[in-house]
file structure-v2.cif (mmCIF, N, CA and C atoms)
data_my_file
#
loop_
_atom_site.label_atom_id
_atom_site.label_comp_id
_atom_site.auth_asym_id
_atom_site.auth_seq_id
_atom_site.Cartn_x
_atom_site.Cartn_y
_atom_site.Cartn_z
N MET H 4 -7.60 114.12 -88.79
CA MET H 4 -8.00 112.72 -88.76
C MET H 4 -8.57 112.37 -90.14
N ASP H 5 -8.03 111.32 -90.74
CA ASP H 5 -8.51 110.94 -92.07
C ASP H 5 -9.67 109.95 -91.98
N LYS H 6 -10.19 109.56 -93.13
CA LYS H 6 -11.36 108.68 -93.19
C LYS H 6 -11.08 107.30 -92.59
N ALA H 7 -9.87 106.78 -92.77
CA ALA H 7 -9.52 105.47 -92.23
C ALA H 7 -9.57 105.47 -90.71
N ASP H 8 -9.06 106.54 -90.08
CA ASP H 8 -9.10 106.63 -88.62
C ASP H 8 -10.54 106.71 -88.10
N LYS H 9 -11.37 107.47 -88.81
CA LYS H 9 -12.77 107.58 -88.42
C LYS H 9 -13.47 106.23 -88.54
N ALA H 10 -13.16 105.49 -89.60
CA ALA H 10 -13.76 104.18 -89.79
C ALA H 10 -13.34 103.21 -88.68
N LYS H 11 -12.08 103.27 -88.26
CA LYS H 11 -11.60 102.42 -87.17
C LYS H 11 -12.32 102.75 -85.86
N LYS H 12 -12.51 104.04 -85.59
CA LYS H 12 -13.20 104.44 -84.37
C LYS H 12 -14.64 103.94 -84.38
N GLU H 13 -15.30 104.05 -85.51
CA GLU H 13 -16.67 103.58 -85.63
C GLU H 13 -16.74 102.06 -85.42
N ALA H 14 -15.78 101.34 -85.98
CA ALA H 14 -15.76 99.88 -85.82
C ALA H 14 -15.55 99.51 -84.36
N LYS H 15 -14.67 100.21 -83.66
CA LYS H 15 -14.45 99.94 -82.24
C LYS H 15 -15.70 100.24 -81.44
N LYS H 16 -16.40 101.30 -81.79
CA LYS H 16 -17.61 101.66 -81.08
C LYS H 16 -18.66 100.57 -81.23
N GLU H 17 -18.76 100.00 -82.43
CA GLU H 17 -19.73 98.95 -82.69
C GLU H 17 -19.35 97.64 -82.03
N ASP H 18 -18.06 97.42 -81.77
CA ASP H 18 -17.59 96.17 -81.21
C ASP H 18 -17.71 96.12 -79.69
N LYS H 19 -18.18 97.18 -79.05
CA LYS H 19 -18.29 97.18 -77.60
C LYS H 19 -19.27 96.11 -77.16
N LYS H 20 -18.82 95.26 -76.27
CA LYS H 20 -19.64 94.16 -75.79
C LYS H 20 -19.81 94.27 -74.28
N VAL H 21 -20.90 93.72 -73.79
CA VAL H 21 -21.15 93.63 -72.35
C VAL H 21 -21.56 92.20 -72.03
N ILE H 22 -21.40 91.82 -70.78
CA ILE H 22 -21.75 90.48 -70.34
C ILE H 22 -23.26 90.28 -70.49
N CYS H 23 -23.64 89.13 -70.99
CA CYS H 23 -25.05 88.81 -71.18
C CYS H 23 -25.73 88.69 -69.80
N PRO H 24 -26.84 89.42 -69.59
CA PRO H 24 -27.50 89.36 -68.28
C PRO H 24 -28.25 88.05 -68.04
N ARG H 25 -28.58 87.34 -69.09
CA ARG H 25 -29.35 86.11 -68.92
C ARG H 25 -28.48 84.95 -68.45
N CYS H 26 -27.34 84.74 -69.10
CA CYS H 26 -26.46 83.61 -68.74
C CYS H 26 -25.27 84.05 -67.91
N LYS H 27 -25.15 85.36 -67.67
CA LYS H 27 -24.06 85.94 -66.88
C LYS H 27 -22.69 85.63 -67.48
N GLY H 28 -22.63 85.57 -68.81
CA GLY H 28 -21.37 85.39 -69.50
C GLY H 28 -20.96 83.95 -69.75
N ASN H 29 -21.75 83.00 -69.31
CA ASN H 29 -21.40 81.58 -69.49
C ASN H 29 -21.75 81.05 -70.88
N GLY H 30 -22.76 81.61 -71.50
CA GLY H 30 -23.20 81.10 -72.80
C GLY H 30 -24.26 80.02 -72.66
N TYR H 31 -24.53 79.62 -71.43
CA TYR H 31 -25.56 78.62 -71.15
C TYR H 31 -26.10 78.87 -69.74
N PHE H 32 -27.21 78.23 -69.42
CA PHE H 32 -27.74 78.27 -68.06
C PHE H 32 -28.50 76.98 -67.81
N LYS H 33 -28.82 76.74 -66.55
CA LYS H 33 -29.52 75.52 -66.18
C LYS H 33 -30.97 75.81 -65.86
N ILE H 34 -31.83 74.91 -66.30
CA ILE H 34 -33.25 74.99 -65.99
C ILE H 34 -33.68 73.63 -65.45
N LYS H 35 -34.80 73.59 -64.80
CA LYS H 35 -35.36 72.31 -64.35
C LYS H 35 -36.10 71.69 -65.53
N GLU H 36 -35.94 70.38 -65.69
CA GLU H 36 -36.56 69.70 -66.82
C GLU H 36 -38.08 69.84 -66.79
N SER H 37 -38.68 69.63 -65.63
CA SER H 37 -40.12 69.82 -65.47
C SER H 37 -40.44 69.83 -63.98
N VAL H 38 -41.69 70.12 -63.66
CA VAL H 38 -42.11 70.12 -62.26
C VAL H 38 -42.08 68.70 -61.71
N GLU H 39 -42.49 67.75 -62.52
CA GLU H 39 -42.52 66.36 -62.09
C GLU H 39 -41.11 65.76 -61.99
N ASN H 40 -40.22 66.21 -62.86
CA ASN H 40 -38.85 65.69 -62.91
C ASN H 40 -37.88 66.87 -62.73
N PRO H 41 -37.60 67.28 -61.48
CA PRO H 41 -36.79 68.48 -61.23
C PRO H 41 -35.28 68.26 -61.41
N VAL H 42 -34.90 67.72 -62.55
CA VAL H 42 -33.49 67.48 -62.86
C VAL H 42 -32.96 68.69 -63.63
N ASP H 43 -31.77 69.15 -63.29
CA ASP H 43 -31.17 70.27 -64.01
C ASP H 43 -30.86 69.89 -65.44
N LYS H 44 -31.21 70.78 -66.35
CA LYS H 44 -30.93 70.58 -67.76
C LYS H 44 -30.17 71.81 -68.25
N VAL H 45 -29.08 71.62 -68.97
CA VAL H 45 -28.28 72.72 -69.50
C VAL H 45 -28.83 73.11 -70.86
N VAL H 46 -29.09 74.42 -71.03
CA VAL H 46 -29.57 74.94 -72.31
C VAL H 46 -28.67 76.08 -72.77
N GLN H 47 -28.52 76.22 -74.06
CA GLN H 47 -27.72 77.30 -74.64
C GLN H 47 -28.50 78.60 -74.54
N CYS H 48 -27.81 79.68 -74.30
CA CYS H 48 -28.46 80.98 -74.12
C CYS H 48 -28.90 81.55 -75.47
N PRO H 49 -30.20 81.77 -75.66
CA PRO H 49 -30.67 82.34 -76.93
C PRO H 49 -30.44 83.85 -77.04
N MET H 50 -30.28 84.52 -75.90
CA MET H 50 -30.12 85.97 -75.92
C MET H 50 -28.78 86.38 -76.54
N CYS H 51 -27.71 85.65 -76.19
CA CYS H 51 -26.38 85.99 -76.71
C CYS H 51 -25.89 84.95 -77.72
N THR H 52 -26.75 84.04 -78.13
CA THR H 52 -26.40 82.93 -79.03
C THR H 52 -25.17 82.19 -78.52
N SER H 53 -25.16 81.93 -77.22
CA SER H 53 -24.11 81.14 -76.54
C SER H 53 -22.73 81.79 -76.59
N GLN H 54 -22.66 83.09 -76.84
CA GLN H 54 -21.38 83.79 -76.88
C GLN H 54 -20.97 84.34 -75.51
N GLY H 55 -21.94 84.57 -74.62
CA GLY H 55 -21.64 85.12 -73.31
C GLY H 55 -21.60 86.63 -73.28
N GLU H 56 -21.63 87.25 -74.47
CA GLU H 56 -21.60 88.70 -74.58
C GLU H 56 -22.63 89.16 -75.59
N ILE H 57 -23.12 90.36 -75.38
CA ILE H 57 -24.03 90.97 -76.35
C ILE H 57 -23.52 92.37 -76.66
N ASP H 58 -23.97 92.92 -77.78
CA ASP H 58 -23.59 94.28 -78.15
C ASP H 58 -24.12 95.24 -77.10
N GLU H 59 -23.33 96.25 -76.79
CA GLU H 59 -23.72 97.22 -75.78
C GLU H 59 -25.03 97.92 -76.15
N GLU H 60 -25.23 98.16 -77.43
CA GLU H 60 -26.47 98.82 -77.87
C GLU H 60 -27.69 97.96 -77.56
N LYS H 61 -27.58 96.65 -77.72
CA LYS H 61 -28.69 95.75 -77.43
C LYS H 61 -28.94 95.66 -75.94
N ALA H 62 -27.90 95.78 -75.13
CA ALA H 62 -28.04 95.67 -73.69
C ALA H 62 -28.91 96.79 -73.14
N ASP H 63 -28.90 97.94 -73.76
CA ASP H 63 -29.70 99.06 -73.29
C ASP H 63 -31.20 98.81 -73.46
N THR H 64 -31.55 97.89 -74.32
CA THR H 64 -32.96 97.63 -74.58
C THR H 64 -33.48 96.42 -73.81
N ILE H 65 -32.69 95.88 -72.90
CA ILE H 65 -33.10 94.71 -72.13
C ILE H 65 -33.51 95.15 -70.73
N TYR H 66 -34.64 94.64 -70.26
CA TYR H 66 -35.02 94.92 -68.89
C TYR H 66 -35.51 93.64 -68.24
N VAL H 67 -35.45 93.61 -66.92
CA VAL H 67 -35.82 92.44 -66.14
C VAL H 67 -36.99 92.81 -65.24
N ASP H 68 -37.99 91.95 -65.21
CA ASP H 68 -39.09 92.13 -64.26
C ASP H 68 -39.51 90.77 -63.74
N ALA H 69 -40.62 90.69 -63.07
CA ALA H 69 -41.06 89.43 -62.46
C ALA H 69 -41.32 88.34 -63.50
N ASP H 70 -41.60 88.72 -64.74
CA ASP H 70 -41.85 87.75 -65.80
C ASP H 70 -40.60 87.30 -66.53
N GLY H 71 -39.44 87.83 -66.16
CA GLY H 71 -38.19 87.43 -66.79
C GLY H 71 -37.53 88.57 -67.54
N LEU H 72 -36.66 88.19 -68.48
CA LEU H 72 -35.94 89.17 -69.30
C LEU H 72 -36.74 89.50 -70.55
N HIS H 73 -36.71 90.78 -70.92
CA HIS H 73 -37.45 91.21 -72.11
C HIS H 73 -36.60 92.18 -72.90
N ARG H 74 -36.78 92.21 -74.19
CA ARG H 74 -36.07 93.14 -75.05
C ARG H 74 -37.09 94.12 -75.64
N MET H 75 -36.80 95.41 -75.48
CA MET H 75 -37.68 96.44 -76.02
C MET H 75 -37.47 96.49 -77.54
N HIS H 76 -38.55 96.71 -78.26
CA HIS H 76 -38.45 96.80 -79.73
C HIS H 76 -38.69 98.20 -80.17
#
call {"tool": "encode", "arguments": {"input": "structure-v2.cif", "output": "structure tokens"}}
result
Amino acid sequence: MDKADKAKKEAKKEDKKVICPRCKGNGYFKIKESVENPVDKVVQCPMCTSQGEIDEEKADTIYVDADGLHRMH
């Protein structure tokens, strides 16, 4: 295996994507505008920058609890 093949394998490994757990792959989600005005408002997903996918490596550092989604640093 030459250097070019190794570089291609590394690039493919880095390109592995998984569905964003926050928006479930949509790139956006709905929130209520406020308690007083419970109208649905569409917002772009900041976790995946509205792409619907995140790098597999970043997905391993995300966890969900009662306070929402968090990313380990």
call {"tool": "residues_around", "arguments": {"input": "structure-v2.cif", "residues": "stretch 27-32 of chain H", "least_positions_apart": "3", "cutoff": "7 Å", "atoms": "only C-alpha atoms", "output": "list in words"}}
result
Ile22, Cys23, Pro24, Val45, Val46, Gln47, Cys48, Ser53, Gln54, Gly55 and Glu56 of chain H
call {"tool": "atom_distance", "arguments": {"input": "structure-v2.cif", "atom1": "atom C of H:Glu39", "atom2": "atom CA of H:His73"}}
result
27.6 Å
call {"tool": "atom_distance", "arguments": {"input": "structure-v2.cif", "atom1": "atom CA of H:Met50", "atom2": "atom N of H:Lys19"}}
result
16.7 Å
call {"tool": "atom_distance", "arguments": {"input": "structure-v2.cif", "atom1": "atom N of H:Pro41", "atom2": "atom N of H:Arg74"}}
result
28.0 Å
call {"tool": "resolve_selection", "arguments": {"input": "structure-v2.cif", "expression": "the PyMOL selection byres ((chain H and resi 20) around 5)", "output": "PDB file with N, CA and C atoms, in the coordinates of the input"}}
result
ATOM      1  N   ASP H  18     -18.060  97.420 -81.770  1.00  0.00           N
ATOM      2  CA  ASP H  18     -17.590  96.170 -81.210  1.00  0.00           C
ATOM      3  C   ASP H  18     -17.710  96.120 -79.690  1.00  0.00           C
ATOM      4  N   LYS H  19     -18.180  97.180 -79.050  1.00  0.00           N
ATOM      5  CA  LYS H  19     -18.290  97.180 -77.600  1.00  0.00           C
ATOM      6  C   LYS H  19     -19.270  96.110 -77.160  1.00  0.00           C
ATOM      7  N   VAL H  21     -20.900  93.720 -73.790  1.00  0.00           N
ATOM      8  CA  VAL H  21     -21.150  93.630 -72.350  1.00  0.00           C
ATOM      9  C   VAL H  21     -21.560  92.200 -72.030  1.00  0.00           C
ATOM     10  N   ILE H  22     -21.400  91.820 -70.780  1.00  0.00           N
ATOM     11  CA  ILE H  22     -21.750  90.480 -70.340  1.00  0.00           C
ATOM     12  C   ILE H  22     -23.260  90.280 -70.490  1.00  0.00           C
ATOM     13  N   ILE H  57     -23.120  90.360 -75.380  1.00  0.00           N
ATOM     14  CA  ILE H  57     -24.030  90.970 -76.350  1.00  0.00           C
ATOM     15  C   ILE H  57     -23.520  92.370 -76.660  1.00  0.00           C
ATOM     16  N   ASP H  58     -23.970  92.920 -77.780  1.00  0.00           N
ATOM     17  CA  ASP H  58     -23.590  94.280 -78.150  1.00  0.00           C
ATOM     18  C   ASP H  58     -24.120  95.240 -77.100  1.00  0.00           C
ATOM     19  N   GLU H  59     -23.330  96.250 -76.790  1.00  0.00           N
ATOM     20  CA  GLU H  59     -23.720  97.220 -75.780  1.00  0.00           C
ATOM     21  C   GLU H  59     -25.030  97.920 -76.150  1.00  0.00           C
TER      22      GLU H  59
END
